[in-house]
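Shown next: my_file13.txt, containing compact mmCIF, C-alpha atoms.
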```
# COMPACT_ATOMS: atom_id res chain seq x y z
CA MET K 191 76.98 179.73 30.75
CA TYR K 192 75.86 180.50 34.26
CA LYS K 193 74.42 176.99 34.66
CA LYS K 194 77.71 175.40 33.57
CA ARG K 195 79.69 177.46 36.08
CA THR K 196 77.23 176.59 38.84
CA THR K 197 77.42 172.91 37.94
CA LEU K 198 81.24 173.02 37.96
CA VAL K 199 81.29 174.66 41.40
CA ILE K 200 78.93 172.04 42.76
CA LEU K 201 81.09 169.27 41.27
CA VAL K 202 84.24 170.71 42.84
CA LEU K 203 82.52 170.94 46.22
CA MET K 204 81.34 167.35 45.96
CA VAL K 205 84.84 166.11 45.08
CA SER K 206 86.34 168.08 47.97
CA LEU K 207 83.76 166.67 50.37
CA SER K 208 84.45 163.12 49.15
CA VAL K 209 88.19 163.58 49.71
CA MET K 210 87.59 164.90 53.21
CA LEU K 211 85.27 162.01 54.09
CA LEU K 212 87.76 159.46 52.70
CA ALA K 213 90.62 160.96 54.73
CA GLY K 214 88.50 160.87 57.89
CA CYS K 215 87.65 157.19 57.38
CA ASN K 216 91.29 156.29 56.87
CA ALA K 217 92.25 158.08 60.10
CA ALA K 218 89.48 156.28 61.99
CA VAL K 219 90.64 152.84 60.91
CA GLU K 220 94.30 153.43 61.77
CA GLU K 221 95.44 150.94 64.42
CA ALA K 222 95.94 152.41 67.87
CA PRO K 223 99.57 152.39 69.05
CA PRO K 224 100.49 149.59 71.46
CA LEU K 225 100.45 150.38 75.14
CA PRO K 226 103.85 150.93 76.75
CA GLY K 227 105.40 147.70 77.92
CA ASN K 228 103.00 145.49 75.95
CA ASN K 229 103.79 143.32 72.98
CA ASN K 230 101.38 144.49 70.29
CA GLY K 231 98.86 145.39 72.96
CA GLU K 232 98.88 141.88 74.44
CA GLU K 233 99.32 141.12 78.15
CA PRO K 234 103.02 140.59 79.08
CA VAL K 235 104.07 136.97 79.53
CA GLU K 236 105.90 136.38 82.83
CA GLU K 237 108.96 134.21 82.52
CA PRO K 238 109.01 131.34 85.04
CA VAL K 239 111.41 131.99 87.93
CA GLU K 240 113.51 129.01 88.92
CA GLU K 241 113.67 128.51 92.66
CA PRO K 242 117.24 127.97 93.96
CA VAL K 243 117.90 124.33 94.69
CA GLU K 244 119.29 123.83 98.19
CA GLU K 245 121.98 121.21 98.42
CA PRO K 246 121.22 118.56 101.02
CA VAL K 247 123.30 119.00 104.16
CA ASP K 248 124.51 115.85 105.81
CA GLU K 249 123.66 115.86 109.49
CA VAL K 250 126.74 115.47 111.64
CA ILE K 251 125.96 112.86 114.25
CA PRO K 252 128.44 112.96 117.15
CA ALA K 253 130.11 109.66 117.91
CA GLU K 254 130.32 108.05 121.33
CA THR K 255 133.49 106.26 122.36
CA ALA K 256 134.40 104.32 125.47
CA VAL K 257 137.67 105.69 126.86
CA LYS K 258 139.84 105.42 129.94
CA LEU K 259 140.61 108.49 132.03
CA TYR K 260 143.61 108.34 134.33
CA PHE K 261 142.95 110.20 137.57
CA ALA K 262 145.15 110.47 140.66
CA ASP K 263 145.21 107.23 142.64
CA ASN K 264 144.55 108.37 146.20
CA GLU K 265 146.32 105.38 147.73
CA ALA K 266 149.43 105.83 145.60
CA VAL K 267 149.48 109.53 146.45
CA GLU K 268 149.18 108.85 150.20
CA THR K 269 151.85 106.16 150.25
CA GLY K 270 154.13 107.77 147.68
CA ILE K 271 154.46 104.43 145.90
CA ARG K 272 154.11 104.53 142.13
CA HIS K 273 152.20 101.80 140.32
CA GLN K 274 154.36 99.99 137.78
CA LEU K 275 151.94 100.61 134.90
CA TYR K 276 149.92 103.65 135.92
CA GLY K 277 152.38 105.68 137.98
CA TYR K 278 150.39 107.74 140.49
CA THR K 279 147.14 107.29 138.57
CA MET K 280 144.32 104.81 138.21
CA PRO K 281 142.19 104.29 135.06
CA THR K 282 138.46 104.86 135.14
CA ASN K 283 135.92 104.23 132.38
CA ARG K 284 134.00 106.94 130.61
CA ILE K 285 131.89 107.45 127.48
CA VAL K 286 132.76 110.65 125.61
CA THR K 287 130.83 112.31 122.80
CA HIS K 288 132.90 113.79 119.99
CA GLU K 289 132.96 114.72 116.33
CA ASP K 290 134.69 112.62 113.70
CA GLY K 291 138.47 112.31 113.77
CA THR K 292 141.21 111.38 116.23
CA ALA K 293 141.96 115.01 117.15
CA ALA K 294 138.30 115.56 118.09
CA LEU K 295 138.32 112.36 120.16
CA LEU K 296 141.51 113.46 121.94
CA GLN K 297 140.03 116.88 122.71
CA ALA K 298 136.82 115.39 124.11
CA THR K 299 138.83 112.95 126.22
CA MET K 300 141.10 115.70 127.55
CA GLU K 301 138.06 117.82 128.41
CA ALA K 302 136.60 114.85 130.33
CA LEU K 303 139.91 114.48 132.20
CA ILE K 304 139.84 118.19 133.05
CA ALA K 305 136.26 117.90 134.33
CA GLY K 306 137.53 115.52 136.99
CA PRO K 307 136.28 112.28 138.52
CA ARG K 308 132.70 111.41 139.35
CA PRO K 309 131.52 110.04 142.70
CA ASP K 310 131.23 106.52 141.27
CA ASP K 311 134.81 106.52 139.92
CA GLY K 312 136.18 105.27 143.20
CA ALA K 313 139.14 106.48 145.26
CA VAL K 314 140.62 108.79 142.67
CA GLY K 315 141.22 112.53 142.53
CA ALA K 316 141.47 115.32 139.98
CA VAL K 317 144.77 115.93 138.19
CA MET K 318 144.15 119.57 137.21
CA SER K 319 141.74 122.43 137.80
CA PRO K 320 138.34 122.22 136.06
CA SER K 321 138.97 125.82 134.91
CA VAL K 322 141.59 124.63 132.41
CA ARG K 323 140.58 124.99 128.75
CA VAL K 324 141.83 123.05 125.73
CA LEU K 325 143.05 125.68 123.27
CA SER K 326 144.13 123.29 120.52
CA VAL K 327 145.00 119.70 119.73
CA GLU K 328 147.54 118.93 117.00
CA ILE K 329 148.72 115.51 115.86
CA ILE K 330 152.12 115.36 114.14
CA GLY K 331 153.20 111.88 113.19
CA ASP K 332 152.70 109.69 116.27
CA ALA K 333 152.82 112.62 118.74
CA VAL K 334 149.97 114.78 119.99
CA PHE K 335 150.41 118.32 121.26
CA PHE K 336 147.86 119.77 123.68
CA ASP K 337 147.85 123.53 124.14
CA LEU K 338 146.11 124.31 127.44
CA SER K 339 145.16 127.56 129.13
CA ARG K 340 147.34 129.05 131.88
CA GLU K 341 145.07 127.76 134.67
CA VAL K 342 146.85 124.42 134.32
CA ILE K 343 149.79 126.16 136.02
CA THR K 344 148.22 128.97 138.04
CA GLU K 345 145.61 126.67 139.59
CA GLY K 346 147.76 123.53 139.72
CA THR K 347 148.36 121.46 142.87
CA GLY K 348 152.05 122.36 142.81
CA GLY K 349 155.03 120.40 144.03
CA THR K 350 156.98 117.65 142.31
CA LEU K 351 154.32 115.07 143.17
CA GLY K 352 151.53 117.16 141.65
CA GLY K 353 153.57 117.56 138.47
CA SER K 354 154.29 113.83 138.26
CA ILE K 355 150.60 112.99 138.68
CA PHE K 356 149.65 115.46 135.95
CA ILE K 357 152.20 114.07 133.48
CA ASP K 358 151.24 110.45 134.21
CA ALA K 359 147.55 111.20 133.74
CA VAL K 360 147.87 113.11 130.47
CA VAL K 361 150.35 110.72 128.83
CA LEU K 362 148.45 107.55 129.72
CA THR K 363 145.09 109.04 128.79
CA ALA K 364 146.24 110.32 125.39
CA THR K 365 148.32 107.34 124.26
CA GLN K 366 145.41 104.91 124.40
CA PHE K 367 144.42 106.13 120.91
CA ALA K 368 146.27 105.15 117.73
CA PRO K 369 148.50 106.51 116.29
CA VAL K 370 149.51 108.47 119.42
CA LYS K 371 152.65 107.18 121.12
CA ALA K 372 153.94 110.38 122.72
CA VAL K 373 152.48 113.56 124.23
CA GLN K 374 153.57 117.11 124.94
CA VAL K 375 151.63 119.79 126.80
CA LEU K 376 152.01 123.46 125.98
CA VAL K 377 150.63 126.32 128.03
CA GLU K 378 149.39 128.99 125.66
CA GLY K 379 152.06 128.04 123.14
CA VAL K 380 154.94 127.57 125.61
CA PRO K 381 156.21 124.18 126.95
CA TRP K 382 154.55 123.27 130.26
CA ASP K 383 156.72 124.34 133.19
CA ASP K 384 155.52 123.94 136.79
CA GLY K 385 158.75 125.24 138.32
CA HIS K 386 160.10 121.72 138.83
CA VAL K 387 159.84 120.09 135.42
CA VAL K 388 159.85 121.59 131.93
CA TRP K 389 157.98 119.45 129.41
CA GLN K 390 160.44 120.09 126.59
CA GLU K 391 159.45 117.32 124.16
CA PRO K 392 156.84 114.61 123.61
CA ILE K 393 157.10 111.67 125.99
CA GLY K 394 155.40 108.27 125.98
CA PRO K 395 154.28 105.72 128.56
CA ILE K 396 157.61 103.93 128.54
CA GLN K 397 159.24 107.05 129.95
CA ILE K 398 156.89 107.28 132.92
CA GLN K 399 156.48 103.58 133.67
CA GLY K 400 159.02 101.76 135.78
CA SER K 401 159.51 99.71 138.85
CA PRO K 402 157.56 100.67 141.96
CA SER K 403 159.49 103.12 144.10
```
As structure tokens - that is how I would like this structure written.
Amino acid sequence: MYKKRTTLVILVLMVSLSVMLLAGCNAAVEEAPPLPGNNNGEEPVEEPVEEPVEEPVDEVIPAETAVKLYFADNEAVETGIRHQLYGYTMPTNRIVTHEDGTAALLQATMEALIAGPRPDDGAVGAVMSPSVRVLSVEIIGDAVFFDLSREVITEGTGGTLGGSIFIDAVVLTATQFAPVKAVQVLVEGVPWDDGHVVWQEPIGPIQIQGSPS
């Protein structure tokens, strides 16, 4: 009887030990949890980043155009005799650089007229102060409107002759380009007024050309 009880105790202990060993083995073979941020413990795969595609930018190449600038004709000014075609002015040749479009060409030409004559232009004189700035150029139909800074008045030559020379020069210079047939000058948004003449509306060459006086 004592041997049977001892054998039973030993059997129970052996079973318990086997269960404990089996549980320990199962725990040892359990798969370790994946690391944070990994896919099943594997290294993360970086998605390819598409570089932004820059659109090609067309280079703007300024154009060069041969133009005529009408400056004051010194002889006509001294004698007071207007030329039948050019009034009190004389055309000189110039190459101007400008962006595309008639308005840009007109602005570049007006800026060259403002800059005044060069020594090799002959016996001609300036028609306005080089301080004058072109504020805007607008083409409406066959007329162009130049808006100039106030220096065109405050630093003008003055007198009826100075005004006539200025009008002749601007009209003849601007109307050489199609589709321009008439011109008006504004001074900071207001019609040009030198105290003798108010430039109320666009005028063309036919209105300043006439028989010699």
Point to revise | Residues within 10 Å of (149.4, 108.5, 131.6), counting all atoms listed in the file, listed as number ranges by chain | key: K: 259-261, 275-281, 354-366, 373, 394-396, 398-399
Check your understanding: Hey, which of K:Thr269, K:Ser319, K:Gln397, K:Ser326 ends up closest to K:Ala293? Count all atoms listed in the file.
Key -> K:Ser326
Study note, to complete from the structure: Between atom CA of K:Val375 and atom CA of K:Phe336 lies a distance of 4.9 Å
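With atom CA of K:Thr347 on one side and atom CA of K:Ala302 on the other, the separation reads 18.4 Å.
If you measure from each of K:Val257, K:Glu378, K:Glu240, K:Pro392 to K:Ile285 using all atoms listed in the file, the closest one turns out to be K:Val257.
Non-sequential neighbours of K:Pro320 (distance at most 10 Å, separation of 2 or more positions within a chain, all atoms listed in the file) are Glu301, Ala302, Leu303, Ile304, Ala305, Gly306, Ala316, Val317, Met318, Val322, Arg323, Glu341, Val342 and Glu345 of chain K.
Of the residues under consideration (K:Asn283, K:Ser339, K:Val370, K:Val334), K:Ser339 shows the shortest atom-to-atom contact distance to K:Trp382 when counting all atoms listed in the file.
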**Study point:** Point-to-point distance from atom CA of K:His288 to atom CA of K:Lys258, Å rounded to tenths
**Key:** 14.7 Å
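Point (154.9, 121.3, 134.5) has the following residues at most 10 Å away: Val342, Ile343, Gly346, Gly348, Gly349, Thr350, Gly352, Gly353, Ser354, Phe356, Ile357, Val375, Leu376, Val377, Pro381, Trp382, Asp383, Asp384, Gly385, His386, Val387, Val388, Trp389 and Gln390 of chain K (atoms considered: only C-alpha atoms).
Considering the residues K:Ala313, K:Ala368, K:Ala333, K:Leu338 and counting only C-alpha atoms, K:Thr292 has its shortest atom-to-atom contact with K:Ala368.
In this comparison, which uses only C-alpha atoms, the residue of K:His273, K:Leu296, K:Ala266, K:Val380 approaching K:Glu328 most closely is K:Leu296.
Residue nearest K:Phe335 within the list K:Asp263, K:Gln297, K:Pro252, K:Glu268: K:Gln297 [criterion: smallest interatomic distance, only C-alpha atoms].
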How about completing stretch 254-283 of chain K with N, CA and C atoms and giving it to me as a short mmCIF file (atom, residue, chain, number, x, y, z; two decimals), in the frame of the given file?
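Result written to rebuild.cif:
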```cif
data_model
loop_
_atom_site.label_atom_id
_atom_site.label_comp_id
_atom_site.auth_asym_id
_atom_site.auth_seq_id
_atom_site.Cartn_x
_atom_site.Cartn_y
_atom_site.Cartn_z
N GLU K 254 130.09 108.35 119.91
CA GLU K 254 130.32 108.05 121.33
C GLU K 254 131.38 106.96 121.42
N THR K 255 132.38 107.20 122.25
CA THR K 255 133.49 106.26 122.36
C THR K 255 133.78 105.98 123.83
N ALA K 256 134.00 104.72 124.11
CA ALA K 256 134.40 104.32 125.47
C ALA K 256 135.89 104.58 125.62
N VAL K 257 136.26 105.34 126.64
CA VAL K 257 137.67 105.69 126.86
C VAL K 257 138.04 105.43 128.31
N LYS K 258 139.33 105.49 128.57
CA LYS K 258 139.84 105.42 129.94
C LYS K 258 140.43 106.78 130.31
N LEU K 259 140.05 107.26 131.48
CA LEU K 259 140.61 108.49 132.03
C LEU K 259 141.48 108.12 133.22
N TYR K 260 142.68 108.66 133.24
CA TYR K 260 143.61 108.34 134.33
C TYR K 260 143.62 109.48 135.34
N PHE K 261 142.99 109.22 136.48
CA PHE K 261 142.95 110.20 137.57
C PHE K 261 143.96 109.81 138.65
N ALA K 262 144.20 110.73 139.58
CA ALA K 262 145.15 110.47 140.66
C ALA K 262 144.66 109.32 141.54
N ASP K 263 145.52 108.36 141.76
CA ASP K 263 145.21 107.23 142.64
C ASP K 263 145.47 107.67 144.09
N ASN K 264 144.41 107.83 144.85
CA ASN K 264 144.55 108.37 146.20
C ASN K 264 145.49 107.54 147.07
N GLU K 265 145.45 106.24 146.92
CA GLU K 265 146.32 105.38 147.73
C GLU K 265 147.78 105.57 147.36
N ALA K 266 148.05 105.64 146.04
CA ALA K 266 149.43 105.83 145.60
C ALA K 266 149.96 107.19 146.05
N VAL K 267 149.08 108.20 146.03
CA VAL K 267 149.48 109.53 146.45
C VAL K 267 149.80 109.55 147.95
N GLU K 268 148.99 108.86 148.74
CA GLU K 268 149.18 108.85 150.20
C GLU K 268 150.44 108.08 150.59
N THR K 269 150.70 106.98 149.90
CA THR K 269 151.85 106.16 150.25
C THR K 269 153.13 106.61 149.56
N GLY K 270 152.96 107.35 148.44
CA GLY K 270 154.13 107.77 147.68
C GLY K 270 154.71 106.65 146.83
N ILE K 271 153.98 105.57 146.68
CA ILE K 271 154.46 104.43 145.90
C ILE K 271 153.80 104.43 144.52
N ARG K 272 154.61 104.51 143.49
CA ARG K 272 154.11 104.53 142.13
C ARG K 272 153.72 103.12 141.68
N HIS K 273 152.60 103.06 140.93
CA HIS K 273 152.20 101.80 140.32
C HIS K 273 153.09 101.56 139.11
N GLN K 274 153.43 100.29 138.86
CA GLN K 274 154.36 99.99 137.78
C GLN K 274 153.83 100.40 136.41
N LEU K 275 152.52 100.28 136.21
CA LEU K 275 151.94 100.61 134.90
C LEU K 275 151.32 102.01 134.86
N TYR K 276 150.71 102.42 135.95
CA TYR K 276 149.92 103.65 135.92
C TYR K 276 150.56 104.81 136.67
N GLY K 277 151.76 104.62 137.22
CA GLY K 277 152.38 105.68 137.98
C GLY K 277 151.55 106.03 139.21
N TYR K 278 151.22 107.30 139.36
CA TYR K 278 150.39 107.74 140.49
C TYR K 278 148.91 107.84 140.10
N THR K 279 148.53 107.18 139.05
CA THR K 279 147.14 107.29 138.57
C THR K 279 146.45 105.94 138.56
N MET K 280 145.15 106.01 138.31
CA MET K 280 144.32 104.81 138.21
C MET K 280 143.29 105.05 137.08
N PRO K 281 143.13 104.08 136.15
CA PRO K 281 142.19 104.29 135.06
C PRO K 281 140.74 104.14 135.50
N THR K 282 139.90 104.97 134.94
CA THR K 282 138.46 104.86 135.14
C THR K 282 137.79 104.89 133.75
N ASN K 283 136.62 104.32 133.67
CA ASN K 283 135.92 104.23 132.38
C ASN K 283 134.98 105.42 132.19
#
```
